[in-house]
file structure.txt (compact mmCIF, N, CA and C atoms)
# COMPACT_ATOMS: atom_id res chain seq x y z
N MET G 1 0.85 -1.17 0.00
CA MET G 1 0.00 0.00 0.00
C MET G 1 0.89 1.23 0.00
N SER G 2 0.72 2.11 -0.97
CA SER G 2 1.59 3.29 -1.06
C SER G 2 0.96 4.47 -0.33
N GLN G 3 1.78 5.17 0.38
CA GLN G 3 1.35 6.35 1.12
C GLN G 3 1.59 7.57 0.25
N GLN G 4 0.59 8.43 0.12
CA GLN G 4 0.76 9.63 -0.68
C GLN G 4 1.19 10.77 0.24
N HIS G 5 2.26 11.45 -0.14
CA HIS G 5 2.77 12.57 0.64
C HIS G 5 2.38 13.87 -0.05
N GLN G 6 1.95 14.81 0.74
CA GLN G 6 1.61 16.13 0.22
C GLN G 6 2.61 17.12 0.80
N ILE G 7 3.27 17.89 -0.07
CA ILE G 7 4.26 18.87 0.37
C ILE G 7 3.69 20.25 0.14
N THR G 8 3.73 21.08 1.17
CA THR G 8 3.29 22.46 1.02
C THR G 8 4.41 23.37 1.50
N ASP G 9 4.66 24.44 0.75
CA ASP G 9 5.72 25.34 1.16
C ASP G 9 5.36 26.82 1.09
N ASP G 10 4.27 27.18 0.44
CA ASP G 10 3.87 28.58 0.31
C ASP G 10 5.07 29.44 -0.09
N LEU G 11 5.78 28.98 -1.11
CA LEU G 11 7.01 29.63 -1.54
C LEU G 11 6.80 31.08 -1.98
N ASP G 12 5.63 31.37 -2.53
CA ASP G 12 5.36 32.75 -2.97
C ASP G 12 5.49 33.74 -1.81
N ALA G 13 5.10 33.34 -0.62
CA ALA G 13 5.22 34.23 0.54
C ALA G 13 6.67 34.60 0.80
N LEU G 14 7.58 33.65 0.61
CA LEU G 14 9.00 33.94 0.81
C LEU G 14 9.54 34.79 -0.34
N LEU G 15 9.18 34.44 -1.57
CA LEU G 15 9.67 35.19 -2.72
C LEU G 15 9.14 36.62 -2.73
N ASP G 16 7.98 36.85 -2.12
CA ASP G 16 7.39 38.19 -2.08
C ASP G 16 8.23 39.20 -1.30
N VAL G 17 9.07 38.75 -0.39
CA VAL G 17 9.87 39.69 0.39
C VAL G 17 11.16 40.10 -0.34
N LEU G 18 11.45 39.43 -1.45
CA LEU G 18 12.68 39.72 -2.21
C LEU G 18 12.48 40.91 -3.14
N PRO G 19 13.56 41.64 -3.43
CA PRO G 19 13.50 42.62 -4.51
C PRO G 19 13.13 41.92 -5.81
N ALA G 20 12.42 42.59 -6.68
CA ALA G 20 11.88 41.98 -7.90
C ALA G 20 12.96 41.29 -8.74
N ASN G 21 14.12 41.92 -8.89
CA ASN G 21 15.15 41.33 -9.76
C ASN G 21 15.72 40.03 -9.20
N ILE G 22 15.80 39.93 -7.88
CA ILE G 22 16.30 38.69 -7.27
C ILE G 22 15.23 37.61 -7.34
N ARG G 23 13.99 37.99 -7.10
CA ARG G 23 12.88 37.03 -7.23
C ARG G 23 12.85 36.45 -8.64
N GLN G 24 12.97 37.31 -9.64
CA GLN G 24 12.94 36.85 -11.03
C GLN G 24 14.10 35.90 -11.32
N ALA G 25 15.25 36.18 -10.74
CA ALA G 25 16.41 35.30 -10.95
C ALA G 25 16.18 33.93 -10.32
N VAL G 26 15.55 33.90 -9.16
CA VAL G 26 15.23 32.62 -8.51
C VAL G 26 14.22 31.85 -9.36
N GLU G 27 13.20 32.54 -9.81
CA GLU G 27 12.17 31.88 -10.62
C GLU G 27 12.74 31.38 -11.95
N LYS G 28 13.71 32.10 -12.49
CA LYS G 28 14.32 31.73 -13.76
C LYS G 28 15.08 30.40 -13.67
N THR G 29 15.58 30.06 -12.48
CA THR G 29 16.29 28.78 -12.32
C THR G 29 15.34 27.60 -12.53
N ASN G 30 14.04 27.85 -12.36
CA ASN G 30 13.01 26.84 -12.61
C ASN G 30 13.27 25.55 -11.82
N ASN G 31 13.63 25.73 -10.54
CA ASN G 31 13.93 24.58 -9.69
C ASN G 31 13.39 24.80 -8.28
N ASN G 32 12.21 25.39 -8.18
CA ASN G 32 11.68 25.78 -6.88
C ASN G 32 11.42 24.60 -5.94
N ASN G 33 11.15 23.42 -6.48
CA ASN G 33 10.87 22.27 -5.61
C ASN G 33 12.09 21.84 -4.81
N ASP G 34 13.29 22.12 -5.31
CA ASP G 34 14.52 21.74 -4.62
C ASP G 34 15.20 22.91 -3.92
N LEU G 35 14.57 24.09 -3.92
CA LEU G 35 15.16 25.28 -3.30
C LEU G 35 15.22 25.11 -1.79
N LEU G 36 16.41 25.31 -1.21
CA LEU G 36 16.60 25.24 0.23
C LEU G 36 16.67 26.62 0.87
N GLU G 37 17.49 27.51 0.26
CA GLU G 37 17.66 28.83 0.84
C GLU G 37 18.21 29.81 -0.18
N ILE G 38 18.01 31.09 0.12
CA ILE G 38 18.53 32.19 -0.69
C ILE G 38 19.44 33.00 0.22
N ILE G 39 20.65 33.26 -0.27
CA ILE G 39 21.64 33.96 0.55
C ILE G 39 21.92 35.32 -0.06
N LEU G 40 21.72 36.36 0.76
CA LEU G 40 21.97 37.74 0.35
C LEU G 40 22.97 38.34 1.33
N ASP G 41 24.23 38.39 0.95
CA ASP G 41 25.26 38.98 1.79
C ASP G 41 25.77 40.24 1.11
N LEU G 42 25.80 41.32 1.85
CA LEU G 42 26.24 42.61 1.33
C LEU G 42 27.65 42.48 0.75
N GLY G 43 27.82 42.94 -0.49
CA GLY G 43 29.12 42.90 -1.13
C GLY G 43 29.47 41.58 -1.79
N ARG G 44 28.53 40.62 -1.78
CA ARG G 44 28.74 39.33 -2.45
C ARG G 44 27.59 39.10 -3.42
N VAL G 45 27.80 38.19 -4.35
CA VAL G 45 26.74 37.89 -5.31
C VAL G 45 25.63 37.10 -4.61
N PRO G 46 24.36 37.35 -4.97
CA PRO G 46 23.27 36.58 -4.37
C PRO G 46 23.29 35.15 -4.90
N THR G 47 23.02 34.22 -4.02
CA THR G 47 23.02 32.81 -4.42
C THR G 47 21.76 32.10 -3.92
N ALA G 48 21.44 31.03 -4.59
CA ALA G 48 20.35 30.16 -4.18
C ALA G 48 20.93 28.77 -3.99
N ARG G 49 20.64 28.17 -2.86
CA ARG G 49 21.11 26.80 -2.60
C ARG G 49 19.95 25.84 -2.82
N TYR G 50 20.28 24.79 -3.56
CA TYR G 50 19.31 23.75 -3.87
C TYR G 50 19.79 22.44 -3.27
N VAL G 51 18.97 21.42 -3.31
CA VAL G 51 19.31 20.13 -2.73
C VAL G 51 20.64 19.62 -3.30
N GLU G 52 20.85 19.77 -4.59
CA GLU G 52 22.04 19.22 -5.24
C GLU G 52 23.01 20.27 -5.78
N ASP G 53 22.72 21.56 -5.60
CA ASP G 53 23.49 22.58 -6.32
C ASP G 53 23.40 23.93 -5.62
N GLU G 54 24.32 24.81 -5.98
CA GLU G 54 24.26 26.20 -5.56
C GLU G 54 24.38 27.05 -6.82
N VAL G 55 23.49 28.03 -6.97
CA VAL G 55 23.42 28.83 -8.19
C VAL G 55 23.63 30.30 -7.87
N VAL G 56 24.54 30.94 -8.61
CA VAL G 56 24.71 32.39 -8.51
C VAL G 56 23.55 33.01 -9.28
N LEU G 57 22.81 33.90 -8.62
CA LEU G 57 21.61 34.47 -9.23
C LEU G 57 21.89 35.61 -10.19
N ARG G 58 23.03 36.26 -10.01
CA ARG G 58 23.46 37.31 -10.93
C ARG G 58 24.90 37.66 -10.61
N ASP G 59 25.55 38.39 -11.51
CA ASP G 59 26.96 38.74 -11.33
C ASP G 59 27.18 39.95 -10.44
N ASP G 60 26.15 40.80 -10.26
CA ASP G 60 26.28 42.00 -9.44
C ASP G 60 26.12 41.64 -7.96
N GLU G 61 26.87 42.35 -7.12
CA GLU G 61 26.81 42.11 -5.69
C GLU G 61 25.51 42.63 -5.07
N VAL G 62 25.13 42.06 -3.96
CA VAL G 62 23.96 42.50 -3.21
C VAL G 62 24.22 43.91 -2.66
N THR G 63 23.22 44.77 -2.77
CA THR G 63 23.36 46.17 -2.33
C THR G 63 22.69 46.39 -0.98
N ARG G 64 23.04 47.48 -0.36
CA ARG G 64 22.40 47.89 0.90
C ARG G 64 20.90 48.03 0.71
N GLU G 65 20.47 48.60 -0.42
CA GLU G 65 19.05 48.80 -0.68
C GLU G 65 18.30 47.47 -0.73
N GLU G 66 18.94 46.45 -1.29
CA GLU G 66 18.29 45.14 -1.37
C GLU G 66 18.16 44.49 0.00
N ILE G 67 19.19 44.62 0.81
CA ILE G 67 19.12 44.12 2.20
C ILE G 67 18.01 44.85 2.94
N ASP G 68 17.96 46.17 2.81
CA ASP G 68 16.93 46.97 3.49
C ASP G 68 15.53 46.60 3.00
N HIS G 69 15.40 46.31 1.71
CA HIS G 69 14.10 45.93 1.14
C HIS G 69 13.57 44.68 1.83
N VAL G 70 14.41 43.67 1.94
CA VAL G 70 13.98 42.42 2.59
C VAL G 70 13.68 42.68 4.07
N ASP G 71 14.55 43.44 4.74
CA ASP G 71 14.36 43.76 6.15
C ASP G 71 13.00 44.42 6.38
N GLU G 72 12.64 45.35 5.51
CA GLU G 72 11.37 46.07 5.65
C GLU G 72 10.16 45.15 5.42
N HIS G 73 10.32 44.15 4.58
CA HIS G 73 9.20 43.28 4.25
C HIS G 73 9.08 42.06 5.18
N VAL G 74 10.11 41.80 5.96
CA VAL G 74 10.08 40.65 6.86
C VAL G 74 9.46 41.01 8.20
N GLY G 75 9.72 42.17 8.69
CA GLY G 75 9.26 42.53 10.02
C GLY G 75 10.44 42.52 10.98
N SER G 76 10.17 42.29 12.23
CA SER G 76 11.23 42.42 13.22
C SER G 76 11.95 41.09 13.46
N PHE G 77 13.24 41.21 13.73
CA PHE G 77 14.08 40.07 14.09
C PHE G 77 14.12 40.00 15.60
N ASP G 78 14.16 38.78 16.13
CA ASP G 78 14.22 38.64 17.59
C ASP G 78 15.66 38.71 18.07
N ALA G 79 15.88 38.40 19.34
CA ALA G 79 17.20 38.55 19.94
C ALA G 79 18.27 37.69 19.28
N ASP G 80 17.88 36.57 18.69
CA ASP G 80 18.88 35.72 18.04
C ASP G 80 18.97 35.99 16.53
N ASN G 81 18.49 37.16 16.12
CA ASN G 81 18.58 37.61 14.72
C ASN G 81 17.85 36.70 13.74
N ARG G 82 16.71 36.19 14.18
CA ARG G 82 15.89 35.36 13.30
C ARG G 82 14.49 35.95 13.23
N ALA G 83 13.89 35.77 12.06
CA ALA G 83 12.52 36.21 11.87
C ALA G 83 11.80 35.13 11.08
N GLY G 84 10.50 35.17 11.13
CA GLY G 84 9.70 34.23 10.35
C GLY G 84 8.66 35.01 9.57
N LEU G 85 8.07 34.34 8.62
CA LEU G 85 6.96 34.93 7.89
C LEU G 85 5.68 34.34 8.46
N GLU G 86 4.79 35.20 8.88
CA GLU G 86 3.58 34.77 9.54
C GLU G 86 2.83 33.73 8.71
N ARG G 87 2.38 32.69 9.40
CA ARG G 87 1.59 31.61 8.81
C ARG G 87 2.36 30.76 7.80
N THR G 88 3.70 30.76 7.92
CA THR G 88 4.53 29.90 7.08
C THR G 88 5.59 29.24 7.95
N LEU G 89 6.33 28.33 7.39
CA LEU G 89 7.46 27.71 8.07
C LEU G 89 8.79 28.33 7.66
N HIS G 90 8.75 29.36 6.82
CA HIS G 90 9.97 30.01 6.35
C HIS G 90 10.63 30.77 7.49
N ARG G 91 11.98 30.81 7.47
CA ARG G 91 12.69 31.57 8.48
C ARG G 91 13.83 32.34 7.83
N ILE G 92 14.07 33.49 8.38
CA ILE G 92 15.09 34.39 7.86
C ILE G 92 16.08 34.66 8.98
N SER G 93 17.36 34.46 8.67
CA SER G 93 18.42 34.73 9.63
C SER G 93 19.20 35.94 9.15
N ALA G 94 19.52 36.83 10.09
CA ALA G 94 20.27 38.04 9.77
C ALA G 94 21.67 37.96 10.38
N ILE G 95 22.62 38.48 9.64
CA ILE G 95 23.98 38.67 10.15
C ILE G 95 24.16 40.17 10.32
N ARG G 96 24.63 40.57 11.48
CA ARG G 96 24.81 42.00 11.76
C ARG G 96 26.28 42.33 11.96
N ASN G 97 26.64 43.56 11.60
CA ASN G 97 28.00 44.02 11.87
C ASN G 97 28.07 44.55 13.30
N ARG G 98 29.23 45.04 13.69
CA ARG G 98 29.41 45.52 15.08
C ARG G 98 28.51 46.70 15.43
N LEU G 99 28.05 47.41 14.43
CA LEU G 99 27.15 48.55 14.68
C LEU G 99 25.69 48.13 14.75
N GLY G 100 25.43 46.85 14.52
CA GLY G 100 24.07 46.35 14.58
C GLY G 100 23.33 46.39 13.25
N ASN G 101 24.00 46.80 12.19
CA ASN G 101 23.36 46.86 10.88
C ASN G 101 23.36 45.47 10.23
N ILE G 102 22.28 45.16 9.56
CA ILE G 102 22.19 43.87 8.86
C ILE G 102 23.09 43.92 7.63
N VAL G 103 24.00 42.94 7.53
CA VAL G 103 24.91 42.86 6.40
C VAL G 103 24.74 41.55 5.62
N GLY G 104 23.88 40.69 6.11
CA GLY G 104 23.63 39.43 5.41
C GLY G 104 22.30 38.83 5.84
N LEU G 105 21.65 38.17 4.89
CA LEU G 105 20.38 37.51 5.16
C LEU G 105 20.38 36.13 4.51
N THR G 106 19.89 35.16 5.24
CA THR G 106 19.67 33.83 4.69
C THR G 106 18.19 33.53 4.84
N LEU G 107 17.53 33.35 3.70
CA LEU G 107 16.10 33.08 3.68
C LEU G 107 15.92 31.58 3.45
N ARG G 108 15.45 30.89 4.46
CA ARG G 108 15.34 29.43 4.45
C ARG G 108 13.90 29.01 4.12
N VAL G 109 13.77 28.15 3.14
CA VAL G 109 12.45 27.65 2.74
C VAL G 109 11.99 26.61 3.76
N GLY G 110 10.81 26.83 4.32
CA GLY G 110 10.22 25.86 5.23
C GLY G 110 9.12 25.10 4.51
N ARG G 111 9.14 23.79 4.61
CA ARG G 111 8.14 22.96 3.93
C ARG G 111 7.50 22.01 4.94
N ALA G 112 6.21 21.82 4.77
CA ALA G 112 5.49 20.83 5.56
C ALA G 112 5.19 19.64 4.65
N VAL G 113 5.50 18.45 5.14
CA VAL G 113 5.22 17.23 4.37
C VAL G 113 4.18 16.44 5.16
N TYR G 114 3.01 16.29 4.57
CA TYR G 114 1.93 15.57 5.22
C TYR G 114 1.90 14.12 4.75
N GLY G 115 1.55 13.22 5.65
CA GLY G 115 1.42 11.82 5.29
C GLY G 115 2.65 11.00 5.60
N THR G 116 3.54 11.52 6.44
CA THR G 116 4.78 10.80 6.73
C THR G 116 4.89 10.33 8.18
N ILE G 117 3.96 10.67 9.01
CA ILE G 117 4.07 10.37 10.44
C ILE G 117 3.88 8.89 10.77
N ASP G 118 3.29 8.14 9.86
CA ASP G 118 2.98 6.73 10.14
C ASP G 118 4.17 5.93 10.65
N ILE G 119 5.35 6.17 10.12
CA ILE G 119 6.51 5.33 10.47
C ILE G 119 7.02 5.57 11.89
N ILE G 120 6.66 6.71 12.50
CA ILE G 120 7.10 6.96 13.89
C ILE G 120 5.93 7.24 14.83
N GLU G 121 4.73 7.04 14.35
CA GLU G 121 3.55 7.36 15.14
C GLU G 121 3.52 6.62 16.48
N ASP G 122 3.94 5.35 16.51
CA ASP G 122 3.93 4.58 17.76
C ASP G 122 4.91 5.14 18.78
N ILE G 123 6.05 5.65 18.31
CA ILE G 123 7.03 6.25 19.23
C ILE G 123 6.48 7.55 19.81
N ILE G 124 5.89 8.37 18.96
CA ILE G 124 5.30 9.64 19.42
C ILE G 124 4.18 9.37 20.42
N ALA G 125 3.32 8.42 20.11
CA ALA G 125 2.19 8.10 20.98
C ALA G 125 2.64 7.54 22.33
N SER G 126 3.83 6.93 22.38
CA SER G 126 4.32 6.33 23.62
C SER G 126 4.73 7.38 24.65
N GLY G 127 4.95 8.62 24.19
CA GLY G 127 5.37 9.67 25.11
C GLY G 127 6.87 9.73 25.32
N LYS G 128 7.62 8.86 24.68
CA LYS G 128 9.07 8.86 24.80
C LYS G 128 9.65 10.01 23.98
N SER G 129 10.87 10.37 24.31
CA SER G 129 11.56 11.43 23.57
C SER G 129 12.08 10.89 22.25
N LEU G 130 12.19 11.80 21.29
CA LEU G 130 12.67 11.43 19.96
C LEU G 130 13.52 12.56 19.42
N LEU G 131 14.70 12.23 18.96
CA LEU G 131 15.58 13.21 18.33
C LEU G 131 15.72 12.84 16.86
N ILE G 132 15.39 13.79 15.98
CA ILE G 132 15.49 13.56 14.55
C ILE G 132 16.63 14.39 14.01
N LEU G 133 17.58 13.72 13.36
CA LEU G 133 18.75 14.39 12.81
C LEU G 133 18.79 14.21 11.29
N GLY G 134 19.43 15.15 10.62
CA GLY G 134 19.61 15.02 9.18
C GLY G 134 20.09 16.33 8.58
N ARG G 135 20.68 16.23 7.41
CA ARG G 135 21.16 17.43 6.76
C ARG G 135 19.99 18.27 6.26
N PRO G 136 20.21 19.54 5.97
CA PRO G 136 19.13 20.40 5.49
C PRO G 136 18.49 19.84 4.23
N GLY G 137 17.20 19.98 4.17
CA GLY G 137 16.47 19.61 2.97
C GLY G 137 16.04 18.16 2.88
N VAL G 138 16.32 17.34 3.90
CA VAL G 138 15.94 15.94 3.82
C VAL G 138 14.55 15.65 4.36
N GLY G 139 13.94 16.64 4.99
CA GLY G 139 12.57 16.45 5.44
C GLY G 139 12.40 16.05 6.87
N LYS G 140 13.19 16.62 7.75
CA LYS G 140 13.03 16.33 9.18
C LYS G 140 11.69 16.84 9.65
call {"tool": "encode", "arguments": {"input": "structure.txt", "output": "structure tokens"}}
result
Amino acid sequence: MSQQHQITDDLDALLDVLPANIRQAVEKTNNNNDLLEIILDLGRVPTARYVEDEVVLRDDEVTREEIDHVDEHVGSFDADNRAGLERTLHRISAIRNRLGNIVGLTLRVGRAVYGTIDIIEDIIASGKSLLILGRPGVGK
């Protein structure tokens, strides 16, 4: 009997916080199902990390205006320099310089996979502790 898995990621919500030119570059890669994160570091080229690859989104470096654009559209970062997008599993991590200014952002795609709990349901129901480990993007 095969179990059907449903994956939801609401990726548009994450792409909506990007400047238009970076969003278009991500969409142009045509690999959204394998997208793990988008990295925007001031003074470096923007990149997108995928399950099997890393892609430079353009040759021009990320600008202060682009960092500020994302910052304005994300909302507030908490004490550990992380923010989330409301009603999604996406998370954004900020790197700050000594003056407290954001100089880098990593936008991590959060995905929910439904229909996979069956294999560990008995452990969860038992009330015992469970630690799940794995590299990014494997579906923990």
call {"tool": "atom_distance", "arguments": {"input": "structure.txt", "atom1": "atom N of G:Leu105", "atom2": "atom C of G:Thr47"}}
result
10.7 Å
call {"tool": "residues_around", "arguments": {"input": "structure.txt", "residues": "stretch 30-44 of chain G", "least_positions_apart": "6", "cutoff": "12 Å", "atoms": "only C-alpha atoms", "output": "tab-separated table (two decimals) with N, CA and C atoms, keeping the file's coordinate frame"}}
result
chain	number	residue	atom	x	y	z
G	7	ILE	N	3.27	17.89	-0.07
G	7	ILE	CA	4.26	18.87	0.37
G	7	ILE	C	3.69	20.25	0.14
G	8	THR	N	3.73	21.08	1.17
G	8	THR	CA	3.29	22.46	1.02
G	8	THR	C	4.41	23.37	1.50
G	9	ASP	N	4.66	24.44	0.75
G	9	ASP	CA	5.72	25.34	1.16
G	9	ASP	C	5.36	26.82	1.09
G	10	ASP	N	4.27	27.18	0.44
G	10	ASP	CA	3.87	28.58	0.31
G	10	ASP	C	5.07	29.44	-0.09
G	11	LEU	N	5.78	28.98	-1.11
G	11	LEU	CA	7.01	29.63	-1.54
G	11	LEU	C	6.80	31.08	-1.98
G	12	ASP	N	5.63	31.37	-2.53
G	12	ASP	CA	5.36	32.75	-2.97
G	12	ASP	C	5.49	33.74	-1.81
G	14	LEU	N	7.58	33.65	0.61
G	14	LEU	CA	9.00	33.94	0.81
G	14	LEU	C	9.54	34.79	-0.34
G	15	LEU	N	9.18	34.44	-1.57
G	15	LEU	CA	9.67	35.19	-2.72
G	15	LEU	C	9.14	36.62	-2.73
G	17	VAL	N	9.07	38.75	-0.39
G	17	VAL	CA	9.87	39.69	0.39
G	17	VAL	C	11.16	40.10	-0.34
G	18	LEU	N	11.45	39.43	-1.45
G	18	LEU	CA	12.68	39.72	-2.21
G	18	LEU	C	12.48	40.91	-3.14
G	19	PRO	N	13.56	41.64	-3.43
G	19	PRO	CA	13.50	42.62	-4.51
G	19	PRO	C	13.13	41.92	-5.81
G	22	ILE	N	15.80	39.93	-7.88
G	22	ILE	CA	16.30	38.69	-7.27
G	22	ILE	C	15.23	37.61	-7.34
G	23	ARG	N	13.99	37.99	-7.10
G	23	ARG	CA	12.88	37.03	-7.23
G	23	ARG	C	12.85	36.45	-8.64
G	24	GLN	N	12.97	37.31	-9.64
G	24	GLN	CA	12.94	36.85	-11.03
G	24	GLN	C	14.10	35.90	-11.32
G	50	TYR	N	20.28	24.79	-3.56
G	50	TYR	CA	19.31	23.75	-3.87
G	50	TYR	C	19.79	22.44	-3.27
G	51	VAL	N	18.97	21.42	-3.31
G	51	VAL	CA	19.31	20.13	-2.73
G	51	VAL	C	20.64	19.62	-3.30
G	52	GLU	N	20.85	19.77	-4.59
G	52	GLU	CA	22.04	19.22	-5.24
G	52	GLU	C	23.01	20.27	-5.78
G	53	ASP	N	22.72	21.56	-5.60
G	53	ASP	CA	23.49	22.58	-6.32
G	53	ASP	C	23.40	23.93	-5.62
G	54	GLU	N	24.32	24.81	-5.98
G	54	GLU	CA	24.26	26.20	-5.56
G	54	GLU	C	24.38	27.05	-6.82
G	55	VAL	N	23.49	28.03	-6.97
G	55	VAL	CA	23.42	28.83	-8.19
G	55	VAL	C	23.63	30.30	-7.87
G	56	VAL	N	24.54	30.94	-8.61
G	56	VAL	CA	24.71	32.39	-8.51
G	56	VAL	C	23.55	33.01	-9.28
G	57	LEU	N	22.81	33.90	-8.62
G	57	LEU	CA	21.61	34.47	-9.23
G	57	LEU	C	21.89	35.61	-10.19
G	58	ARG	N	23.03	36.26	-10.01
G	58	ARG	CA	23.46	37.31	-10.93
G	58	ARG	C	24.90	37.66	-10.61
G	59	ASP	N	25.55	38.39	-11.51
G	59	ASP	CA	26.96	38.74	-11.33
G	59	ASP	C	27.18	39.95	-10.44
G	60	ASP	N	26.15	40.80	-10.26
G	60	ASP	CA	26.28	42.00	-9.44
G	60	ASP	C	26.12	41.64	-7.96
G	61	GLU	N	26.87	42.35	-7.12
G	61	GLU	CA	26.81	42.11	-5.69
G	61	GLU	C	25.51	42.63	-5.07
G	62	VAL	N	25.13	42.06	-3.96
G	62	VAL	CA	23.96	42.50	-3.21
G	62	VAL	C	24.22	43.91	-2.66
G	63	THR	N	23.22	44.77	-2.77
G	63	THR	CA	23.36	46.17	-2.33
G	63	THR	C	22.69	46.39	-0.98
G	64	ARG	N	23.04	47.48	-0.36
G	64	ARG	CA	22.40	47.89	0.90
G	64	ARG	C	20.90	48.03	0.71
G	65	GLU	N	20.47	48.60	-0.42
G	65	GLU	CA	19.05	48.80	-0.68
G	65	GLU	C	18.30	47.47	-0.73
G	66	GLU	N	18.94	46.45	-1.29
G	66	GLU	CA	18.29	45.14	-1.37
G	66	GLU	C	18.16	44.49	0.00
G	67	ILE	N	19.19	44.62	0.81
G	67	ILE	CA	19.12	44.12	2.20
G	67	ILE	C	18.01	44.85	2.94
G	68	ASP	N	17.96	46.17	2.81
G	68	ASP	CA	16.93	46.97	3.49
G	68	ASP	C	15.53	46.60	3.00
G	69	HIS	N	15.40	46.31	1.71
G	69	HIS	CA	14.10	45.93	1.14
G	69	HIS	C	13.57	44.68	1.83
G	70	VAL	N	14.41	43.67	1.94
G	70	VAL	CA	13.98	42.42	2.59
G	70	VAL	C	13.68	42.68	4.07
G	71	ASP	N	14.55	43.44	4.74
G	71	ASP	CA	14.36	43.76	6.15
G	71	ASP	C	13.00	44.42	6.38
G	90	HIS	N	8.75	29.36	6.82
G	90	HIS	CA	9.97	30.01	6.35
G	90	HIS	C	10.63	30.77	7.49
G	91	ARG	N	11.98	30.81	7.47
G	91	ARG	CA	12.69	31.57	8.48
G	91	ARG	C	13.83	32.34	7.83
G	92	ILE	N	14.07	33.49	8.38
G	92	ILE	CA	15.09	34.39	7.86
G	92	ILE	C	16.08	34.66	8.98
G	93	SER	N	17.36	34.46	8.67
G	93	SER	CA	18.42	34.73	9.63
G	93	SER	C	19.20	35.94	9.15
G	94	ALA	N	19.52	36.83	10.09
G	94	ALA	CA	20.27	38.04	9.77
G	94	ALA	C	21.67	37.96	10.38
G	95	ILE	N	22.62	38.48	9.64
G	95	ILE	CA	23.98	38.67	10.15
G	95	ILE	C	24.16	40.17	10.32
G	96	ARG	N	24.63	40.57	11.48
G	96	ARG	CA	24.81	42.00	11.76
G	96	ARG	C	26.28	42.33	11.96
G	97	ASN	N	26.64	43.56	11.60
G	97	ASN	CA	28.00	44.02	11.87
G	97	ASN	C	28.07	44.55	13.30
G	101	ASN	N	24.00	46.80	12.19
G	101	ASN	CA	23.36	46.86	10.88
G	101	ASN	C	23.36	45.47	10.23
G	102	ILE	N	22.28	45.16	9.56
G	102	ILE	CA	22.19	43.87	8.86
G	102	ILE	C	23.09	43.92	7.63
G	103	VAL	N	24.00	42.94	7.53
G	103	VAL	CA	24.91	42.86	6.40
G	103	VAL	C	24.74	41.55	5.62
G	104	GLY	N	23.88	40.69	6.11
G	104	GLY	CA	23.63	39.43	5.41
G	104	GLY	C	22.30	38.83	5.84
G	105	LEU	N	21.65	38.17	4.89
G	105	LEU	CA	20.38	37.51	5.16
G	105	LEU	C	20.38	36.13	4.51
G	106	THR	N	19.89	35.16	5.24
G	106	THR	CA	19.67	33.83	4.69
G	106	THR	C	18.19	33.53	4.84
G	107	LEU	N	17.53	33.35	3.70
G	107	LEU	CA	16.10	33.08	3.68
G	107	LEU	C	15.92	31.58	3.45
G	108	ARG	N	15.45	30.89	4.46
G	108	ARG	CA	15.34	29.43	4.45
G	108	ARG	C	13.90	29.01	4.12
G	109	VAL	N	13.77	28.15	3.14
G	109	VAL	CA	12.45	27.65	2.74
G	109	VAL	C	11.99	26.61	3.76
G	110	GLY	N	10.81	26.83	4.32
G	110	GLY	CA	10.22	25.86	5.23
G	110	GLY	C	9.12	25.10	4.51
G	111	ARG	N	9.14	23.79	4.61
G	111	ARG	CA	8.14	22.96	3.93
G	111	ARG	C	7.50	22.01	4.94
G	135	ARG	N	20.68	16.23	7.41
G	135	ARG	CA	21.16	17.43	6.76
G	135	ARG	C	19.99	18.27	6.26
G	136	PRO	N	20.21	19.54	5.97
G	136	PRO	CA	19.13	20.40	5.49
G	136	PRO	C	18.49	19.84	4.23
G	137	GLY	N	17.20	19.98	4.17
G	137	GLY	CA	16.47	19.61	2.97
G	137	GLY	C	16.04	18.16	2.88
G	138	VAL	N	16.32	17.34	3.90
G	138	VAL	CA	15.94	15.94	3.82
G	138	VAL	C	14.55	15.65	4.36
G	139	GLY	N	13.94	16.64	4.99
G	139	GLY	CA	12.57	16.45	5.44
G	139	GLY	C	12.40	16.05	6.87
call {"tool": "select_by_dssp", "arguments": {"input": "structure.txt", "residues": "stretch 26-56 of chain G", "states": "helix (DSSP H, G or I)", "output": "PyMOL selection string"}}
result
chain G and resi 26-28+32-34
call {"tool": "write_last_selection", "arguments": {"input": "structure.txt", "atoms": "N, CA and C atoms", "output": "mmCIF file, in the frame of the given file"}}
result
data_model
loop_
_atom_site.group_PDB
_atom_site.id
_atom_site.type_symbol
_atom_site.label_atom_id
_atom_site.label_comp_id
_atom_site.auth_asym_id
_atom_site.auth_seq_id
_atom_site.Cartn_x
_atom_site.Cartn_y
_atom_site.Cartn_z
ATOM 1 N N VAL G 26 15.550 33.900 -9.160
ATOM 2 C CA VAL G 26 15.230 32.620 -8.510
ATOM 3 C C VAL G 26 14.220 31.850 -9.360
ATOM 4 N N GLU G 27 13.200 32.540 -9.810
ATOM 5 C CA GLU G 27 12.170 31.880 -10.620
ATOM 6 C C GLU G 27 12.740 31.380 -11.950
ATOM 7 N N LYS G 28 13.710 32.100 -12.490
ATOM 8 C CA LYS G 28 14.320 31.730 -13.760
ATOM 9 C C LYS G 28 15.080 30.400 -13.670
ATOM 10 N N ASN G 32 12.210 25.390 -8.180
ATOM 11 C CA ASN G 32 11.680 25.780 -6.880
ATOM 12 C C ASN G 32 11.420 24.600 -5.940
ATOM 13 N N ASN G 33 11.150 23.420 -6.480
ATOM 14 C CA ASN G 33 10.870 22.270 -5.610
ATOM 15 C C ASN G 33 12.090 21.840 -4.810
ATOM 16 N N ASP G 34 13.290 22.120 -5.310
ATOM 17 C CA ASP G 34 14.520 21.740 -4.620
ATOM 18 C C ASP G 34 15.200 22.910 -3.920
#
call {"tool": "select_by_dssp", "arguments": {"input": "structure.txt", "residues": "chain G", "states": "strand (DSSP E)", "output": "ChimeraX atom specification"}}
result
/G:6-8,35-41,47-50,54-56,82-84,91-96,102-108,112-114
call {"tool": "residues_around", "arguments": {"input": "structure.txt", "residues": "stretch 72-76 of chain G", "least_positions_apart": "5", "cutoff": "8 Å", "atoms": "only C-alpha atoms", "output": "NGL selection string"}}
result
:G and (17 or 83-85)
